[in-house]
file model_6.tsv (TSV, C-alpha atoms)
chain	number	residue	atom	x	y	z
A	1	MET	CA	23.69	-28.25	9.70
A	2	LYS	CA	26.50	-27.52	12.16
A	3	VAL	CA	29.86	-29.29	12.20
A	4	HIS	CA	31.75	-29.90	15.43
A	5	ARG	CA	35.28	-31.35	15.52
A	6	VAL	CA	37.02	-33.01	18.47
A	7	PRO	CA	40.53	-34.52	18.14
A	8	LEU	CA	40.59	-37.98	19.72
A	9	GLY	CA	43.16	-40.55	20.79
A	10	PRO	CA	46.92	-40.91	20.32
A	11	TYR	CA	46.78	-39.94	16.63
A	12	GLU	CA	44.50	-36.91	17.19
A	13	THR	CA	41.91	-38.38	14.86
A	14	ASN	CA	39.11	-35.95	14.09
A	15	GLY	CA	35.85	-37.05	15.61
A	16	VAL	CA	33.17	-35.11	13.72
A	17	ILE	CA	29.67	-34.42	15.00
A	18	LEU	CA	27.15	-33.35	12.36
A	19	GLU	CA	24.24	-31.58	14.04
A	20	ASP	CA	20.83	-30.85	12.55
A	21	GLU	CA	20.14	-27.38	13.90
A	22	ARG	CA	16.35	-27.64	14.28
A	23	THR	CA	16.01	-31.07	15.87
A	24	ARG	CA	19.49	-31.37	17.50
A	25	GLU	CA	19.76	-34.89	16.09
A	26	ALA	CA	23.32	-35.76	15.09
A	27	LEU	CA	25.56	-38.16	13.24
A	28	VAL	CA	28.73	-39.04	15.11
A	29	VAL	CA	31.59	-39.71	12.70
A	30	ASP	CA	34.81	-41.49	13.66
A	31	GLY	CA	34.30	-41.08	17.38
A	32	GLY	CA	36.02	-44.31	18.36
A	33	GLY	CA	39.50	-42.94	18.99
A	34	ASP	CA	38.59	-42.06	22.59
A	35	ALA	CA	35.11	-43.02	23.75
A	36	ASP	CA	35.20	-40.97	26.94
A	37	SER	CA	36.27	-37.72	25.25
A	38	ALA	CA	33.79	-38.20	22.40
A	39	TYR	CA	30.96	-38.92	24.83
A	40	GLN	CA	31.79	-35.87	26.95
A	41	ARG	CA	31.78	-33.58	23.91
A	42	ILE	CA	28.45	-34.99	22.72
A	43	GLN	CA	26.94	-34.46	26.18
A	44	ALA	CA	28.28	-30.91	26.35
A	45	LEU	CA	26.75	-30.07	22.97
A	46	GLY	CA	23.39	-31.46	24.02
A	47	VAL	CA	22.80	-33.22	20.71
A	48	ARG	CA	20.97	-36.53	20.22
A	49	PRO	CA	23.07	-39.01	18.23
A	50	VAL	CA	21.22	-41.35	15.88
A	51	LEU	CA	24.17	-43.26	14.34
A	52	HIS	CA	27.95	-43.70	14.66
A	53	VAL	CA	29.45	-43.66	11.16
A	54	HIS	CA	33.02	-44.56	10.20
A	55	THR	CA	34.80	-43.09	7.20
A	56	HIS	CA	36.94	-46.24	7.31
A	57	ALA	CA	38.00	-48.91	9.77
A	58	HIS	CA	41.63	-48.14	10.58
A	59	MET	CA	42.34	-48.53	14.27
A	60	ASP	CA	42.63	-44.83	15.14
A	61	HIS	CA	39.07	-44.29	13.89
A	62	CYS	CA	37.43	-47.26	15.62
A	63	LEU	CA	39.60	-48.19	18.62
A	64	GLN	CA	36.71	-47.80	21.10
A	65	SER	CA	33.77	-47.63	18.69
A	66	VAL	CA	31.88	-50.58	20.13
A	67	ALA	CA	32.00	-49.05	23.61
A	68	LEU	CA	31.00	-45.59	22.37
A	69	ALA	CA	28.04	-46.83	20.34
A	70	ALA	CA	26.79	-48.87	23.29
A	71	ARG	CA	27.09	-45.85	25.58
A	72	LEU	CA	25.17	-43.68	23.12
A	73	GLY	CA	22.59	-46.35	22.36
A	74	VAL	CA	23.20	-46.17	18.59
A	75	LYS	CA	24.40	-48.48	15.81
A	76	ASN	CA	27.87	-48.56	14.28
A	77	ALA	CA	28.07	-48.15	10.49
A	78	VAL	CA	30.96	-48.93	8.13
A	79	HIS	CA	31.36	-49.71	4.44
A	80	ALA	CA	31.21	-53.45	3.80
A	81	ASP	CA	34.64	-53.49	2.13
A	82	ASP	CA	36.29	-52.50	5.42
A	83	LEU	CA	34.84	-55.38	7.43
A	84	PRO	CA	38.19	-57.26	7.35
A	85	LEU	CA	39.86	-54.23	8.98
A	86	TRP	CA	37.12	-53.97	11.60
A	87	ARG	CA	37.36	-57.67	12.42
A	88	ASN	CA	41.15	-57.48	12.79
A	89	LEU	CA	41.37	-54.45	15.04
A	90	PRO	CA	43.79	-56.10	17.53
A	91	ARG	CA	46.15	-57.00	14.69
A	92	GLN	CA	46.06	-53.40	13.47
A	93	VAL	CA	46.96	-52.15	16.95
A	94	GLU	CA	49.84	-54.61	17.24
A	95	ALA	CA	51.18	-53.64	13.81
A	96	LEU	CA	51.16	-49.90	14.52
A	97	MET	CA	51.83	-49.77	18.26
A	98	GLY	CA	53.93	-52.87	18.88
A	99	PRO	CA	53.55	-56.34	20.41
A	100	GLY	CA	51.33	-56.44	23.45
A	101	ALA	CA	49.71	-53.07	22.71
A	102	ALA	CA	46.27	-54.54	22.04
A	103	ALA	CA	46.26	-56.46	25.31
A	104	ALA	CA	47.55	-53.45	27.24
A	105	LEU	CA	44.79	-51.26	25.83
A	106	GLY	CA	42.15	-53.93	26.31
A	107	VAL	CA	41.39	-53.97	22.59
A	108	THR	CA	39.41	-56.92	21.26
A	109	SER	CA	37.51	-57.49	18.05
A	110	GLY	CA	33.96	-56.41	18.75
A	111	ALA	CA	30.74	-57.40	17.06
A	112	ASP	CA	30.36	-56.51	13.40
A	113	PRO	CA	28.78	-53.10	12.71
A	114	GLU	CA	25.01	-53.27	12.63
A	115	LEU	CA	24.81	-51.20	9.43
A	116	LEU	CA	26.90	-51.83	6.31
A	117	LEU	CA	27.11	-48.86	3.97
A	118	LYS	CA	27.43	-48.60	0.20
A	119	ASP	CA	27.92	-45.83	-2.32
A	120	GLY	CA	24.81	-43.68	-2.75
A	121	ASP	CA	23.24	-44.46	0.63
A	122	VAL	CA	21.51	-41.49	2.26
A	123	LEU	CA	21.76	-41.04	6.02
A	124	THR	CA	19.12	-38.84	7.64
A	125	PHE	CA	19.32	-37.02	10.97
A	126	GLY	CA	16.50	-34.62	11.74
A	127	ASP	CA	15.90	-32.40	8.72
A	128	SER	CA	19.43	-32.99	7.40
A	129	LYS	CA	20.87	-35.75	5.28
A	130	VAL	CA	24.24	-36.78	3.88
A	131	GLU	CA	25.12	-38.97	0.93
A	132	VAL	CA	27.66	-41.78	1.21
A	133	MET	CA	30.49	-41.50	-1.34
A	134	HIS	CA	32.66	-44.60	-1.72
A	135	LEU	CA	36.26	-43.32	-1.75
A	136	PRO	CA	38.58	-46.36	-1.81
A	137	GLY	CA	42.34	-46.04	-1.89
A	138	HIS	CA	43.36	-45.28	1.69
A	139	SER	CA	41.37	-48.37	2.58
A	140	PRO	CA	39.06	-50.55	0.46
A	141	GLY	CA	35.91	-49.28	2.17
A	142	GLY	CA	36.81	-45.64	2.68
A	143	ILE	CA	33.86	-43.28	2.36
A	144	GLY	CA	33.01	-39.60	2.42
A	145	LEU	CA	29.81	-38.04	3.71
A	146	LEU	CA	28.45	-35.28	1.46
A	147	PHE	CA	26.03	-32.62	2.68
A	148	ARG	CA	24.59	-30.63	-0.21
A	149	GLY	CA	24.18	-27.21	1.37
A	150	THR	CA	25.39	-23.67	0.72
A	151	PRO	CA	28.23	-24.36	0.69
A	152	CYS	CA	28.44	-28.12	0.42
A	153	VAL	CA	30.31	-29.98	3.15
A	154	VAL	CA	32.16	-33.28	2.80
A	155	VAL	CA	33.64	-35.36	5.62
A	156	SER	CA	36.49	-37.01	3.72
A	157	GLY	CA	38.09	-39.28	6.31
A	158	ASP	CA	41.73	-39.93	5.45
A	159	THR	CA	41.27	-39.68	1.68
A	160	LEU	CA	42.06	-35.96	1.41
A	161	PHE	CA	43.68	-33.61	3.93
A	162	ARG	CA	44.60	-29.97	3.98
A	163	ASP	CA	47.87	-30.07	1.99
A	164	GLY	CA	47.96	-33.84	1.76
A	165	VAL	CA	46.37	-37.18	0.95
A	166	GLY	CA	45.94	-40.46	2.79
A	167	ARG	CA	48.76	-42.99	3.00
A	168	THR	CA	48.41	-46.21	1.03
A	169	ASP	CA	50.94	-48.47	2.74
A	170	LEU	CA	48.42	-49.91	5.22
A	171	TRP	CA	46.14	-52.92	4.67
A	172	GLY	CA	44.20	-52.59	1.44
A	173	GLY	CA	45.75	-49.28	0.39
A	174	ASP	CA	46.17	-48.53	-3.31
A	175	TRP	CA	47.76	-45.31	-4.55
A	176	ASN	CA	46.24	-45.35	-8.04
A	177	VAL	CA	42.77	-46.05	-6.66
A	178	LEU	CA	43.20	-43.20	-4.16
A	179	LEU	CA	44.00	-40.74	-6.94
A	180	VAL	CA	40.87	-41.82	-8.83
A	181	SER	CA	38.74	-41.26	-5.71
A	182	ILE	CA	40.17	-37.79	-5.29
A	183	GLY	CA	40.21	-36.74	-8.94
A	184	GLN	CA	36.94	-38.25	-10.13
A	185	ARG	CA	34.84	-37.96	-6.97
A	186	LEU	CA	36.04	-35.26	-4.59
A	187	PHE	CA	37.51	-32.84	-7.14
A	188	THR	CA	34.24	-32.82	-9.10
A	189	LEU	CA	32.50	-31.16	-6.14
A	190	PRO	CA	32.10	-27.34	-6.13
A	191	ASP	CA	35.28	-25.45	-5.29
A	192	ASP	CA	33.74	-23.88	-2.19
A	193	THR	CA	32.88	-27.29	-0.69
A	194	VAL	CA	34.24	-27.40	2.86
A	195	VAL	CA	36.33	-30.50	3.57
A	196	TRP	CA	36.56	-31.94	7.09
A	197	SER	CA	39.37	-34.49	7.08
A	198	GLY	CA	40.26	-37.33	9.41
A	199	HIS	CA	43.21	-35.38	10.83
A	200	GLY	CA	44.09	-31.70	10.95
A	201	ALA	CA	42.28	-28.55	9.95
A	202	GLU	CA	39.45	-28.11	7.50
A	203	THR	CA	40.02	-26.96	3.92
A	204	THR	CA	38.11	-26.53	0.66
A	205	ILE	CA	38.01	-28.50	-2.56
A	206	GLY	CA	39.17	-25.45	-4.53
A	207	ARG	CA	42.18	-24.92	-2.29
A	208	GLU	CA	43.30	-28.53	-2.56
A	209	LYS	CA	42.75	-28.68	-6.34
A	210	ALA	CA	44.86	-25.55	-6.80
A	211	ASN	CA	47.74	-26.99	-4.77
A	212	PHE	CA	47.48	-30.68	-5.69
A	213	PRO	CA	50.98	-32.01	-6.54
A	214	TYR	CA	50.04	-35.47	-7.82

call {"tool": "encode", "arguments": {"input": "model_6.tsv", "output": "structure tokens"}}
result
Amino acid sequence: MKVHRVPLGPYETNGVILEDERTREALVVDGGGDADSAYQRIQALGVRPVLHVHTHAHMDHCLQSVALAARLGVKNAVHADDLPLWRNLPRQVEALMGPGAAAALGVTSGADPELLLKDGDVLTFGDSKVEVMHLPGHSPGGIGLLFRGTPCVVVSGDTLFRDGVGRTDLWGGDWNVLLVSIGQRLFTLPDDTVVWSGHGAETTIGREKANFPY
């Protein structure tokens, strides 16, 4: 499996493209920050997307997700616990970017995602597969996507960053729950597991465990 990262939108959210090397099928993860840029990168790579997955439903990860999925001809997927965030996308935009921002950007609440995820689901693309890990705390329905390879790879969304963790002052955030997700789920993975976060550079579980200040 190959991992491709493309920063998207005003918050430079990491769109992640997971590519099965033999078949060129791919999972697109958090590509909604900028549909045009995500689509162009996917076309340049020559991969064949089969699903658009969201690590959570904060606005910077799903701003243009409905448009991108339609353009790619794939379904959107999100954890069921983040449906309230998805359905209130314009309110999120207004809260973070100011009154009138949603209208100026043409943001409306789109149709619900066609696929609702839960912990333990397995998503297959070509010969590759990832496991859904429910990682609440940054948002109620935050997830990670775990690829058990050599080394393992986890797409962690905004739960864990290089030298940081997700904020918990947004809708549904809970600091204590976040620490449980990190300590009992992510930090039990092998130390050489590569972590692709929702913002910034990649890291490893071992590096973050060794420097974790909380």

call {"tool": "residues_around", "arguments": {"input": "model_6.tsv", "residues": "Val153 of chain A", "least_positions_apart": "6", "cutoff": "7 Å", "atoms": "only C-alpha atoms", "output": "PyMOL selection string"}}
result
chain A and resi 146-147+193-195

call {"tool": "write_last_selection", "arguments": {"input": "model_6.tsv", "atoms": "C-alpha atoms", "output": "mmCIF file, in the coordinates of the input"}}
result
data_model
loop_
_atom_site.group_PDB
_atom_site.id
_atom_site.type_symbol
_atom_site.label_atom_id
_atom_site.label_comp_id
_atom_site.auth_asym_id
_atom_site.auth_seq_id
_atom_site.Cartn_x
_atom_site.Cartn_y
_atom_site.Cartn_z
ATOM 1 C CA LEU A 146 28.450 -35.280 1.460
ATOM 2 C CA PHE A 147 26.030 -32.620 2.680
ATOM 3 C CA THR A 193 32.880 -27.290 -0.690
ATOM 4 C CA VAL A 194 34.240 -27.400 2.860
ATOM 5 C CA VAL A 195 36.330 -30.500 3.570
#

call {"tool": "residues_around", "arguments": {"input": "model_6.tsv", "residues": "His56 of chain A", "least_positions_apart": "3", "cutoff": "7 Å", "atoms": "all atoms listed in the file", "output": "number ranges by chain"}}
result
A: 78, 82, 139, 141-143

call {"tool": "residues_around", "arguments": {"input": "model_6.tsv", "residues": "Lys118 of chain A", "least_positions_apart": "5", "cutoff": "8 Å", "atoms": "all atoms listed in the file", "output": "compact mmCIF listing (two decimals) with C-alpha atoms, in the coordinates of the input"}}
result
# COMPACT_ATOMS: atom_id res chain seq x y z
CA HIS A 79 31.36 -49.71 4.44
CA ALA A 80 31.21 -53.45 3.80
CA VAL A 132 27.66 -41.78 1.21
CA MET A 133 30.49 -41.50 -1.34
CA HIS A 134 32.66 -44.60 -1.72

call {"tool": "closest_residue", "arguments": {"input": "model_6.tsv", "among": "A:Arg162, A:Arg148, A:Arg91, A:Arg207", "to": "Met1 of chain A", "atoms": "all atoms listed in the file"}}
result
A:Arg148

call {"tool": "residues_around", "arguments": {"input": "model_6.tsv", "residues": "Asp163 of chain A", "least_positions_apart": "3", "cutoff": "9 Å", "atoms": "all atoms listed in the file", "output": "short mmCIF file (atom, residue, chain, number, x, y, z; two decimals) with C-alpha atoms, in the frame of the given file"}}
result
data_model
loop_
_atom_site.label_atom_id
_atom_site.label_comp_id
_atom_site.auth_asym_id
_atom_site.auth_seq_id
_atom_site.Cartn_x
_atom_site.Cartn_y
_atom_site.Cartn_z
CA LEU A 160 42.06 -35.96 1.41
CA THR A 203 40.02 -26.96 3.92
CA ARG A 207 42.18 -24.92 -2.29
CA GLU A 208 43.30 -28.53 -2.56
CA ASN A 211 47.74 -26.99 -4.77
CA PHE A 212 47.48 -30.68 -5.69
#

call {"tool": "closest_residue", "arguments": {"input": "model_6.tsv", "among": "A:Lys75, A:Gly149, A:Gly106, A:Leu96", "to": "Ser128 of chain A", "atoms": "only C-alpha atoms"}}
result
A:Gly149

call {"tool": "closest_residue", "arguments": {"input": "model_6.tsv", "among": "A:Leu170, A:Ala38, A:Val6, A:Leu45", "to": "Arg24 of chain A", "atoms": "all atoms listed in the file"}}
result
A:Leu45
